[in-house]
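**Q** Input file: start.cif. Contents: mmCIF, C-alpha atoms.
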```cif
data_final
loop_
_atom_site.label_atom_id
_atom_site.label_comp_id
_atom_site.auth_asym_id
_atom_site.auth_seq_id
_atom_site.Cartn_x
_atom_site.Cartn_y
_atom_site.Cartn_z
CA MET A 21 -24.96 -22.69 -18.43
CA ASN A 22 -27.66 -25.35 -18.81
CA GLN A 23 -29.47 -23.86 -15.81
CA ALA A 24 -30.89 -21.05 -17.96
CA SER A 25 -34.29 -22.67 -18.03
CA GLU A 26 -34.42 -22.87 -14.22
CA HIS A 27 -32.72 -19.65 -13.15
CA GLN A 28 -32.79 -16.15 -14.53
CA ILE A 29 -29.25 -15.42 -15.66
CA ASP A 30 -27.92 -11.88 -15.86
CA LEU A 31 -24.86 -11.16 -17.97
CA SER A 32 -23.75 -8.68 -15.34
CA MET A 33 -22.47 -11.71 -13.44
CA TYR A 34 -18.96 -11.11 -14.78
CA ASN A 35 -18.58 -7.96 -12.79
CA ILE A 36 -14.99 -6.74 -12.60
CA ARG A 37 -13.57 -5.11 -15.70
CA THR A 38 -11.62 -7.80 -17.52
CA ASP A 39 -8.21 -8.52 -16.02
CA LEU A 40 -8.19 -5.41 -13.87
CA ALA A 41 -4.75 -5.90 -12.36
CA ARG A 42 -3.11 -7.93 -15.14
CA GLU A 43 -3.69 -5.31 -17.84
CA ALA A 44 -1.72 -2.77 -15.80
CA HIS A 45 1.13 -5.28 -15.44
CA ASP A 46 1.20 -6.05 -19.17
CA MET A 47 1.30 -2.37 -20.10
CA VAL A 48 4.28 -1.68 -17.82
CA THR A 49 6.05 -4.77 -19.16
CA ARG A 50 5.59 -3.60 -22.76
CA GLU A 51 7.05 -0.18 -21.92
CA GLN A 52 10.04 -1.78 -20.18
CA GLY A 53 10.55 -3.99 -23.22
CA ARG A 54 10.88 -0.84 -25.30
CA GLY A 55 13.50 0.46 -22.88
CA SER A 56 11.21 3.14 -21.43
CA SER A 57 9.14 3.66 -18.32
CA ILE A 58 5.98 5.51 -17.33
CA PRO A 59 6.55 8.30 -14.78
CA GLY A 60 4.52 7.71 -11.64
CA VAL A 61 4.31 3.93 -12.16
CA ARG A 62 6.31 1.38 -10.19
CA LYS A 63 6.51 -2.36 -10.73
CA GLN A 64 7.80 -5.31 -8.69
CA GLU A 65 7.70 -8.91 -9.90
CA GLU A 66 9.13 -12.22 -8.74
CA THR A 67 8.62 -15.89 -9.56
CA GLN A 68 9.15 -18.72 -7.11
CA ASP A 69 7.98 -22.34 -7.08
CA GLY A 70 5.65 -21.79 -10.03
CA ILE A 71 3.99 -18.70 -8.51
CA THR A 72 4.51 -15.31 -10.17
CA THR A 73 3.66 -12.29 -8.03
CA SER A 74 3.36 -8.88 -9.69
CA TRP A 75 2.82 -5.55 -7.93
CA ILE A 76 1.97 -2.34 -9.79
CA TRP A 77 1.66 1.06 -8.11
CA ILE A 78 0.10 3.91 -10.10
CA ASP A 79 0.94 6.99 -8.04
CA SER A 80 -0.53 9.88 -10.03
CA GLU A 81 -3.55 10.91 -12.09
CA ASP A 82 -1.33 11.59 -15.12
CA ALA A 83 0.15 8.09 -14.96
CA GLY A 84 -3.33 6.63 -14.58
CA GLU A 85 -4.58 8.50 -17.63
CA GLN A 86 -1.61 7.28 -19.65
CA MET A 87 -2.28 3.67 -18.66
CA GLY A 88 -6.06 3.92 -18.80
CA LYS A 89 -6.26 2.87 -15.15
CA LEU A 90 -7.24 4.56 -11.91
CA PRO A 91 -4.37 5.48 -9.58
CA GLY A 92 -3.95 2.77 -6.99
CA THR A 93 -2.28 -0.50 -6.05
CA TYR A 94 -2.62 -3.60 -8.26
CA LEU A 95 -1.51 -7.12 -7.36
CA THR A 96 -1.59 -10.24 -9.53
CA ILE A 97 -0.77 -13.78 -8.39
CA GLU A 98 -0.36 -16.01 -11.43
CA VAL A 99 -0.12 -19.80 -11.08
CA PRO A 100 -0.48 -21.75 -14.36
CA GLY A 101 -0.26 -25.02 -12.39
CA LEU A 102 -3.64 -24.36 -10.75
CA ARG A 103 -5.30 -25.94 -13.77
CA SER A 104 -3.74 -29.29 -12.82
CA GLY A 105 -5.73 -29.58 -9.59
CA ASP A 106 -2.56 -30.21 -7.53
CA SER A 107 -3.73 -30.08 -3.89
CA MET A 108 -0.24 -29.40 -2.52
CA LEU A 109 0.18 -26.48 -4.93
CA GLU A 110 -3.21 -25.13 -3.84
CA LYS A 111 -2.05 -25.14 -0.21
CA ARG A 112 1.10 -23.23 -1.16
CA VAL A 113 -0.95 -20.71 -3.14
CA SER A 114 -3.35 -20.26 -0.22
CA GLN A 115 -0.42 -19.52 2.11
CA HIS A 116 1.10 -17.17 -0.45
CA PHE A 117 -2.20 -15.38 -0.96
CA ALA A 118 -2.50 -14.89 2.81
CA GLU A 119 0.96 -13.36 2.97
CA GLN A 120 0.52 -11.12 -0.05
CA PHE A 121 -2.96 -9.99 0.93
CA SER A 122 -1.70 -9.09 4.41
CA ARG A 123 0.93 -6.96 2.73
CA PHE A 124 -1.72 -5.48 0.45
CA LEU A 125 -3.82 -4.41 3.44
CA ASN A 126 -0.78 -2.66 4.88
CA GLU A 127 0.04 -1.03 1.53
CA VAL A 128 -3.41 0.56 1.27
CA GLY A 129 -3.53 1.68 4.90
CA ILE A 130 -5.90 -0.87 6.47
CA LYS A 131 -5.26 -1.22 10.22
CA PRO A 132 -5.27 -4.58 12.11
CA ASN A 133 -8.45 -3.72 14.04
CA ASP A 134 -10.41 -2.12 11.19
CA SER A 135 -13.80 -3.78 10.69
CA CYS A 136 -14.48 -5.45 7.35
CA LEU A 137 -17.46 -6.30 5.16
CA VAL A 138 -16.79 -9.19 2.74
CA VAL A 139 -19.05 -9.08 -0.34
CA GLY A 140 -19.41 -12.13 -2.57
CA LEU A 141 -20.62 -10.84 -5.92
CA GLY A 142 -22.13 -13.12 -8.52
CA ASN A 143 -24.87 -15.65 -9.16
CA TRP A 144 -24.60 -18.72 -6.94
CA ASP A 145 -26.79 -20.67 -9.39
CA VAL A 146 -24.25 -20.30 -12.23
CA THR A 147 -21.06 -22.25 -11.59
CA PRO A 148 -18.42 -19.96 -13.17
CA ASP A 149 -20.03 -16.98 -11.44
CA SER A 150 -20.37 -18.54 -7.98
CA LEU A 151 -16.84 -17.75 -6.76
CA GLY A 152 -17.91 -14.74 -4.67
CA PRO A 153 -20.77 -16.46 -2.81
CA LEU A 154 -18.58 -19.52 -2.17
CA VAL A 155 -15.80 -17.37 -0.69
CA VAL A 156 -18.39 -15.83 1.64
CA LYS A 157 -19.53 -19.34 2.62
CA HIS A 158 -16.02 -20.14 3.91
CA THR A 159 -15.28 -16.72 5.44
CA LEU A 160 -14.85 -16.46 9.22
CA VAL A 161 -17.48 -13.91 10.31
CA THR A 162 -17.19 -12.38 13.77
CA ARG A 163 -19.15 -9.11 13.81
CA HIS A 164 -22.06 -10.64 15.71
CA LEU A 165 -19.68 -11.79 18.45
CA PHE A 166 -18.18 -8.32 18.78
CA LYS A 167 -21.71 -6.89 19.04
CA LEU A 168 -23.38 -9.47 21.29
CA GLN A 169 -20.61 -11.25 23.20
CA PRO A 170 -17.46 -9.07 23.06
CA GLU A 171 -16.09 -10.71 26.20
CA THR A 172 -15.84 -14.05 24.35
CA VAL A 173 -13.68 -12.68 21.53
CA ALA A 174 -9.99 -13.46 22.02
CA GLU A 175 -7.08 -11.34 20.87
CA GLY A 176 -6.08 -11.61 17.23
CA TYR A 177 -9.53 -11.35 15.66
CA ARG A 178 -11.21 -8.43 13.91
CA SER A 179 -14.87 -7.67 13.25
CA VAL A 180 -15.85 -9.28 9.92
CA SER A 181 -19.31 -9.44 8.36
CA ALA A 182 -20.26 -11.00 5.02
CA LEU A 183 -22.90 -10.60 2.32
CA SER A 184 -23.87 -12.37 -0.93
CA PRO A 185 -26.24 -9.88 -2.60
CA GLY A 186 -26.99 -11.94 -5.70
CA VAL A 187 -27.41 -10.35 -9.14
CA LEU A 188 -29.89 -7.89 -10.61
CA GLY A 189 -31.64 -10.58 -12.66
CA THR A 190 -32.40 -12.54 -9.49
CA THR A 191 -33.16 -9.80 -6.95
CA GLY A 192 -34.44 -6.95 -9.12
CA ILE A 193 -32.21 -4.64 -7.08
CA GLU A 194 -28.89 -3.14 -8.17
CA THR A 195 -26.04 -4.84 -6.35
CA SER A 196 -24.49 -1.47 -5.57
CA GLU A 197 -27.71 -0.33 -3.85
CA ILE A 198 -27.80 -3.43 -1.65
CA VAL A 199 -24.14 -3.10 -0.66
CA ARG A 200 -24.44 0.64 0.04
CA GLY A 201 -27.47 0.04 2.24
CA VAL A 202 -25.60 -2.57 4.26
CA VAL A 203 -22.52 -0.34 4.53
CA GLN A 204 -24.58 2.60 5.76
CA LYS A 205 -26.26 0.43 8.40
CA SER A 206 -23.34 -1.74 9.60
CA LYS A 207 -20.60 0.91 9.11
CA PRO A 208 -17.56 -1.26 8.28
CA ASP A 209 -14.18 0.44 7.95
CA PHE A 210 -13.56 -1.16 4.55
CA VAL A 211 -15.11 -3.55 2.02
CA ILE A 212 -13.56 -6.52 0.18
CA ALA A 213 -15.51 -7.60 -2.91
CA PHE A 214 -14.88 -10.99 -4.53
CA ASP A 215 -16.01 -11.81 -8.03
CA ALA A 216 -15.43 -13.79 -11.23
CA LEU A 217 -13.62 -12.07 -14.11
CA ALA A 218 -14.05 -12.20 -17.87
CA SER A 219 -10.47 -12.66 -19.06
CA ARG A 220 -8.76 -10.97 -21.99
CA ALA A 221 -6.33 -13.87 -22.43
CA LEU A 222 -6.85 -17.62 -22.66
CA SER A 223 -3.79 -18.32 -20.51
CA ARG A 224 -5.21 -16.45 -17.50
CA VAL A 225 -8.48 -18.37 -17.18
CA ASN A 226 -8.41 -20.41 -13.95
CA THR A 227 -4.78 -19.43 -13.26
CA THR A 228 -4.69 -15.98 -11.64
CA ILE A 229 -5.88 -14.03 -8.62
CA GLN A 230 -6.13 -10.29 -9.21
CA ILE A 231 -6.41 -7.64 -6.50
CA ALA A 232 -6.87 -3.86 -6.69
CA ASP A 233 -7.86 -1.06 -4.33
CA THR A 234 -9.79 0.89 -6.97
CA GLY A 235 -13.18 -0.76 -6.45
CA ILE A 236 -15.44 -2.63 -8.85
CA GLN A 237 -17.42 -1.64 -11.93
CA PRO A 238 -20.29 -4.18 -12.11
CA GLY A 239 -21.00 -5.56 -15.56
CA SER A 240 -18.18 -3.75 -17.40
CA GLY A 241 -16.55 -7.05 -18.34
CA VAL A 242 -19.47 -7.74 -20.69
CA GLY A 243 -20.37 -4.18 -21.61
CA ASN A 244 -22.97 -3.42 -18.93
CA ASN A 245 -22.74 -0.02 -17.24
CA ARG A 246 -23.73 -0.16 -13.58
CA LYS A 247 -23.01 1.96 -10.53
CA ALA A 248 -19.49 1.23 -9.34
CA LEU A 249 -18.64 -0.12 -5.91
CA THR A 250 -16.00 2.45 -5.03
CA LYS A 251 -14.89 4.50 -2.07
CA GLU A 252 -16.66 7.50 -3.56
CA PHE A 253 -19.97 5.62 -3.79
CA LEU A 254 -19.83 3.59 -0.55
CA GLY A 255 -17.89 6.04 1.62
CA VAL A 256 -15.27 3.45 2.67
CA PRO A 257 -12.27 1.87 0.88
CA VAL A 258 -13.21 -0.96 -1.50
CA LEU A 259 -10.73 -3.72 -2.33
CA ALA A 260 -11.53 -5.92 -5.34
CA VAL A 261 -10.39 -9.55 -5.61
CA GLY A 262 -11.17 -11.46 -8.79
CA VAL A 263 -10.36 -14.69 -10.60
CA PRO A 264 -10.77 -15.08 -14.39
CA THR A 265 -13.22 -17.94 -14.94
CA VAL A 266 -14.63 -17.16 -18.39
CA VAL A 267 -13.46 -15.82 -21.73
CA ASP A 268 -15.37 -14.56 -24.76
CA ALA A 269 -15.18 -15.86 -28.32
CA VAL A 270 -13.39 -12.70 -29.49
CA THR A 271 -10.51 -13.45 -27.14
CA ILE A 272 -10.42 -17.11 -28.14
CA ALA A 273 -10.22 -16.19 -31.83
CA HIS A 274 -7.68 -13.42 -31.23
CA ASP A 275 -5.35 -15.55 -29.09
CA THR A 276 -5.62 -18.56 -31.40
CA ILE A 277 -4.54 -16.46 -34.37
CA ASP A 278 -1.59 -15.09 -32.39
CA TYR A 279 -0.57 -18.59 -31.25
CA VAL A 280 -0.67 -19.88 -34.84
CA ILE A 281 1.39 -16.94 -36.12
CA SER A 282 3.95 -17.38 -33.33
CA HIS A 283 4.19 -21.11 -33.95
CA LEU A 284 4.64 -20.74 -37.71
CA GLY A 285 6.98 -17.79 -37.25
CA ARG A 286 9.23 -19.85 -34.99
CA GLU A 287 9.23 -22.66 -37.55
CA LEU A 288 10.11 -20.28 -40.40
CA HIS A 289 12.99 -18.82 -38.42
CA GLY A 290 14.62 -22.09 -37.49
CA VAL A 291 13.00 -22.95 -34.13
CA LYS A 292 11.92 -26.53 -34.73
CA ASN A 293 9.25 -27.93 -32.42
CA ASN A 294 7.05 -30.98 -32.51
CA PRO A 295 3.59 -30.13 -31.10
CA LEU A 296 2.95 -33.86 -30.56
CA ASP A 297 6.11 -34.36 -28.48
CA PRO A 298 5.61 -33.16 -24.87
CA HIS A 299 9.38 -32.75 -24.50
CA ASN A 300 9.79 -30.69 -27.67
CA ARG A 301 6.82 -28.38 -27.96
CA PRO A 302 6.50 -24.63 -27.34
CA SER A 303 4.89 -23.58 -24.07
CA VAL A 304 2.19 -20.93 -23.82
CA LYS A 305 4.82 -18.49 -22.54
CA ASP A 306 7.09 -19.31 -25.49
CA LEU A 307 4.32 -18.47 -27.95
CA GLU A 308 3.19 -15.36 -26.07
CA ASN A 309 6.72 -13.99 -25.77
CA TYR A 310 7.69 -14.66 -29.37
CA GLN A 311 7.43 -11.53 -31.51
CA ALA A 312 6.89 -12.55 -35.10
CA PRO A 313 8.46 -10.10 -37.59
CA PRO A 314 5.83 -7.83 -39.18
CA GLU A 315 6.52 -9.27 -42.60
CA THR A 316 5.66 -12.76 -41.30
CA SER A 317 2.24 -11.65 -40.04
CA ASN A 318 1.58 -9.63 -43.20
CA ARG A 319 2.62 -12.52 -45.38
CA MET A 320 0.28 -14.97 -43.64
CA LEU A 321 -2.69 -12.72 -42.82
CA GLY A 322 -2.48 -9.88 -45.31
CA MET A 323 -4.05 -6.66 -44.11
CA PHE A 324 -5.31 -8.30 -40.91
CA GLY A 325 -1.72 -9.11 -39.95
CA SER A 326 -0.78 -5.42 -40.00
CA LEU A 327 -3.37 -4.51 -37.34
CA ASN A 328 -2.41 -4.04 -33.71
CA SER A 329 -3.96 -6.16 -30.96
CA ASP A 330 -6.83 -3.79 -30.15
CA GLU A 331 -7.68 -3.37 -33.84
CA LYS A 332 -7.74 -7.15 -34.32
CA ARG A 333 -10.06 -7.57 -31.36
CA GLN A 334 -12.36 -4.83 -32.64
CA LEU A 335 -12.56 -6.37 -36.11
CA ILE A 336 -13.29 -9.86 -34.74
CA HIS A 337 -15.95 -8.36 -32.47
CA GLU A 338 -17.56 -6.53 -35.40
CA VAL A 339 -17.84 -9.87 -37.20
CA LEU A 340 -19.03 -12.08 -34.32
CA ALA A 341 -21.29 -9.77 -32.31
CA PRO A 342 -23.98 -9.12 -34.97
CA LEU A 343 -24.15 -12.86 -35.59
CA GLY A 344 -24.70 -13.55 -31.89
CA GLN A 345 -21.54 -15.64 -31.81
CA ASN A 346 -19.46 -13.76 -29.22
CA LEU A 347 -20.18 -16.48 -26.68
CA ILE A 348 -18.97 -16.50 -23.08
CA VAL A 349 -17.03 -19.74 -22.51
CA THR A 350 -15.70 -21.47 -19.40
CA PRO A 351 -13.38 -24.53 -19.11
CA LYS A 352 -15.04 -27.90 -18.58
CA GLU A 353 -13.24 -28.32 -15.22
CA VAL A 354 -14.93 -25.23 -13.80
CA ASP A 355 -17.00 -27.16 -11.22
CA SER A 356 -14.03 -28.52 -9.29
CA PHE A 357 -11.95 -25.42 -9.91
CA ILE A 358 -14.48 -22.98 -8.47
CA GLY A 359 -14.91 -25.03 -5.29
CA ASN A 360 -11.17 -25.44 -4.76
CA MET A 361 -10.34 -21.83 -5.59
CA ALA A 362 -13.04 -20.42 -3.31
CA LYS A 363 -11.74 -22.48 -0.38
CA LEU A 364 -8.14 -21.56 -1.21
CA ILE A 365 -8.92 -17.84 -1.28
CA ALA A 366 -11.17 -17.95 1.80
CA ASN A 367 -8.50 -19.71 3.85
CA GLY A 368 -5.92 -17.12 2.83
CA LEU A 369 -8.40 -14.31 3.52
CA ASN A 370 -9.15 -15.61 7.02
CA CYS A 371 -5.45 -15.77 7.82
CA ALA A 372 -4.85 -12.27 6.47
CA LEU A 373 -7.77 -10.70 8.35
CA HIS A 374 -7.26 -12.41 11.70
CA GLU A 375 -3.82 -12.60 13.30
CA ALA A 376 -4.95 -15.54 15.43
CA VAL A 377 -5.80 -17.62 12.35
CA THR A 378 -2.98 -19.49 10.60
CA MET A 379 -2.83 -22.08 7.85
CA LYS A 380 -2.39 -24.71 10.58
CA ASN A 381 -5.62 -23.91 12.41
CA VAL A 382 -7.78 -22.28 9.72
CA ALA A 383 -9.74 -25.48 9.10
CA SER A 384 -11.03 -25.42 12.68
CA HIS A 385 -12.49 -21.91 12.26
CA VAL A 386 -14.79 -22.44 9.27
CA GLN A 387 -16.85 -25.17 7.65
#
```
Could you render the structure from this file as structure tokens?
**A**
Amino acid sequence: MNQASEHQIDLSMYNIRTDLAREAHDMVTREQGRGSSIPGVRKQEETQDGITTSWIWIDSEDAGEQMGKLPGTYLTIEVPGLRSGDSMLEKRVSQHFAEQFSRFLNEVGIKPNDSCLVVGLGNWDVTPDSLGPLVVKHTLVTRHLFKLQPETVAEGYRSVSALSPGVLGTTGIETSEIVRGVVQKSKPDFVIAFDALASRALSRVNTTIQIADTGIQPGSGVGNNRKALTKEFLGVPVLAVGVPTVVDAVTIAHDTIDYVISHLGRELHGVKNNPLDPHNRPSVKDLENYQAPPETSNRMLGMFGSLNSDEKRQLIHEVLAPLGQNLIVTPKEVDSFIGNMAKLIANGLNCALHEAVTMKNVASHVQ
């Protein structure tokens, strides 16, 4: 964030509510772990070749209220290996994203010839927030051809336009106002908005792609209340696609405490691991899935150990926020990650939107 002296930075850059799709998945998983289910909520999950794909359908208002989510379709693609920068894995993820996003379009009722407006939210001058504008840069846009030279457009393409509206601190105009103006003028059948997320878990930063058909609430990830980009506001369906690229200090402190408790709890109950031995150390999943007995947490942390997750977060926030220490943090590899992830997602998007575009020929369609 050393560009602060050169560019006006607006904290609304982390626009989608934190972990929009993943929170719904985690809630359903917790209920299933208790041997119960939430009426009106369906879940489908599979893992293959290091890629975990999770679908959540919230079918009713009552179910949405119980989960604290809007009724709709939520998709999460989680790939921990993305942090390694493996180019072959990135190609597989791009192909998988194309396939799953095509299915998502069908699930929410988008037709093959429906016109689309791609919106890249975020500040292109701030690296962890530049995902949206970079996706737009690599998106295959065709609306001008349909308008000016329709006879040159072959079968298998749809009308696609794209927009990078910037952020309020740069333009002085609410993002939602810009997008609504463009929608009213260009009249797309649906909107896809891409943005960076503020994650609620360390393990999800730079590892997941989250998709929902419930729109976007700009700024809510960092407590800003802005007009939402929703079907009700824009008049057309709005699909949100986000990638967690930052995390706040509250989450770092909260997750670190949980990791330490899980590690020590495993040691106390006979699970011996050597954190310095790569062949005999607990993985992130091992620590996240381990449920330390309440007496272990109470014994180590006293009253703090008896609090639930939300209460712990609230207490840490009450300590850090007044001190100005609830910093927004991004991994040091964010420069290469953002570029690779934007290209990965854009390639998958182009294949999903245009039947004539495949992973074999996508490189010839865009820069």
**Q** With the PyMOL selection byres ((chain A and resi 348) around 6) as the selection, what would be picked from this file? Answer as a compact mmCIF listing (two decimals) with C-alpha atoms, in the frame of the given file, please.
**A**
```
# COMPACT_ATOMS: atom_id res chain seq x y z
CA VAL A 267 -13.46 -15.82 -21.73
CA ASP A 268 -15.37 -14.56 -24.76
CA LEU A 347 -20.18 -16.48 -26.68
CA VAL A 349 -17.03 -19.74 -22.51
```
**Q** Please, what distance in Å, to one decimal, runs between atom CA of A:Gly92 and atom CA of A:Asn126?
**A**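 Atom-to-atom, atom CA of A:Gly92 to atom CA of A:Asn126, that is 13.4 Å.
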**Q** Once the PyMOL selection byres ((chain A and resi 369) around 10) has been evaluated on this model, what residues remain selected, and can you format them as a PyMOL selection string?
**A** chain A and resi 114-115+117-119+121-122+138+155+158-160+212+363-368+370-374+377
**Q** So the first atom is atom CA of A:Ala221 and the second is atom CA of A:Tyr279; what is the distance between them in Å, to one decimal place?
**A**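 Distance reported for this atom pair: 11.5 Å.
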**Q** Report as a list in words all protein, DNA and RNA residues lying within 8 Å of stretch 325-334 of chain A, evaluated on only C-alpha atoms, omitting residues in the same chain fewer than 6 positions from it.
**A**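 Counting only C-alpha atoms, the residues come to Val270, Thr271, His274, Pro314, Ser317, Asn318 and Arg319 of chain A.
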**Q** Would you put the residues from that selection into a file with C-alpha atoms, as a PDB file, in the frame of the given file?
**A**
```pdb
ATOM      1  CA  VAL A 270     -13.390 -12.700 -29.490  1.00  0.00           C
ATOM      2  CA  THR A 271     -10.510 -13.450 -27.140  1.00  0.00           C
ATOM      3  CA  HIS A 274      -7.680 -13.420 -31.230  1.00  0.00           C
ATOM      4  CA  PRO A 314       5.830  -7.830 -39.180  1.00  0.00           C
ATOM      5  CA  SER A 317       2.240 -11.650 -40.040  1.00  0.00           C
ATOM      6  CA  ASN A 318       1.580  -9.630 -43.200  1.00  0.00           C
ATOM      7  CA  ARG A 319       2.620 -12.520 -45.380  1.00  0.00           C
TER       8      ARG A 319
END
```
**Q** Show me, as a list of chain:residue names, the residues that have an atom within 10 Å of A:Arg103 when counting all atoms listed in the file, minus same-chain residues fewer than 3 positions from it.
**A**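 Close residues of A:Arg103: A:Val99, A:Pro100, A:Asp106, A:Val225, A:Asn226, A:Thr227, A:Pro351, A:Glu353, A:Val354, A:Phe357.
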**Q** Taking the file above as input, evaluate the PyMOL selection byres ((chain A and resi 311) around 12) and report the hits as a CSV table (one decimal) with C-alpha atoms, keeping the file's coordinate frame.
**A**
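The result, written out as expr.csv:
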```csv
chain,number,residue,atom,x,y,z
A,50,ARG,CA,5.6,-3.6,-22.8
A,53,GLY,CA,10.6,-4.0,-23.2
A,278,ASP,CA,-1.6,-15.1,-32.4
A,279,TYR,CA,-0.6,-18.6,-31.2
A,281,ILE,CA,1.4,-16.9,-36.1
A,282,SER,CA,4.0,-17.4,-33.3
A,283,HIS,CA,4.2,-21.1,-34.0
A,284,LEU,CA,4.6,-20.7,-37.7
A,285,GLY,CA,7.0,-17.8,-37.2
A,286,ARG,CA,9.2,-19.8,-35.0
A,289,HIS,CA,13.0,-18.8,-38.4
A,305,LYS,CA,4.8,-18.5,-22.5
A,306,ASP,CA,7.1,-19.3,-25.5
A,307,LEU,CA,4.3,-18.5,-28.0
A,308,GLU,CA,3.2,-15.4,-26.1
A,309,ASN,CA,6.7,-14.0,-25.8
A,310,TYR,CA,7.7,-14.7,-29.4
A,312,ALA,CA,6.9,-12.6,-35.1
A,313,PRO,CA,8.5,-10.1,-37.6
A,314,PRO,CA,5.8,-7.8,-39.2
A,315,GLU,CA,6.5,-9.3,-42.6
A,316,THR,CA,5.7,-12.8,-41.3
A,317,SER,CA,2.2,-11.6,-40.0
```
**Q** Considering all atoms listed in the file, can you say which of A:Ile358, A:Ala83, A:Leu183, A:Ile231 comes closest to A:Leu151?
**A**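 Closest to A:Leu151, using all atoms listed in the file: A:Ile358.
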**Q** Would you mind listing what lies within 12 Å of stretch 166-173 of chain A as JSON, numbers by chain, with only C-alpha atoms counted and same-chain residues fewer than 4 positions away left out?
**A** {"A": [133, 135, 161, 162, 177, 178, 179, 180, 181, 206, 374, 376]}
**Q** Between A:Ser74, A:Thr191, A:Ser384, A:Gln204, which is the closest to A:Gly255 once you count only C-alpha atoms?
**A**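 Comparing A:Ser74, A:Thr191, A:Ser384, A:Gln204 against A:Gly255, the winner is A:Gln204.
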**Q** To one decimal place, how far is atom CA of A:Asn143 from atom CA of A:Val187 in Å?
**A**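 Answer for the atom CA of A:Asn143 to atom CA of A:Val187 separation: 5.9 Å.
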**Q** Which one is closest to A:Val199: A:Gly101, A:Gly140, A:Gly152, A:Pro302? Count only C-alpha atoms.
**A**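 The answer is A:Gly140, which sits nearest to A:Val199.
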**Q** For a quick check of understanding, using only C-alpha atoms, which of A:Glu81, A:Glu66, A:Asp355, A:Glu194 has the smallest distance to A:Ser150?
**A**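 Nearest to A:Ser150: A:Asp355.
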**Q** Which residue gives the smallest distance to A:Lys131 among A:Ile198, A:Ala216, A:Glu175, A:Phe210, with only C-alpha atoms counted?
**A**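 Of the candidates, the smallest distance to A:Lys131 is held by A:Phe210.
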**Q** Smallest atom-to-atom distance to A:Arg200: which of A:Ile229, A:Ala218, A:Ala248, A:Ile272, using all atoms listed in the file?
**A** A:Ala248
**Q** Could you please give me, as a list in words, the residues of protein, DNA or RNA lying at most 7 Å from (-5.8, -26.4, -3.2) in the coordinate frame of the file, considering all atoms listed in the file?
**A**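 Residues found, by chain and rising number: Asp106, Ser107, Met108, Leu109, Glu110, Lys111, Asn360, Met361 and Leu364 of chain A.
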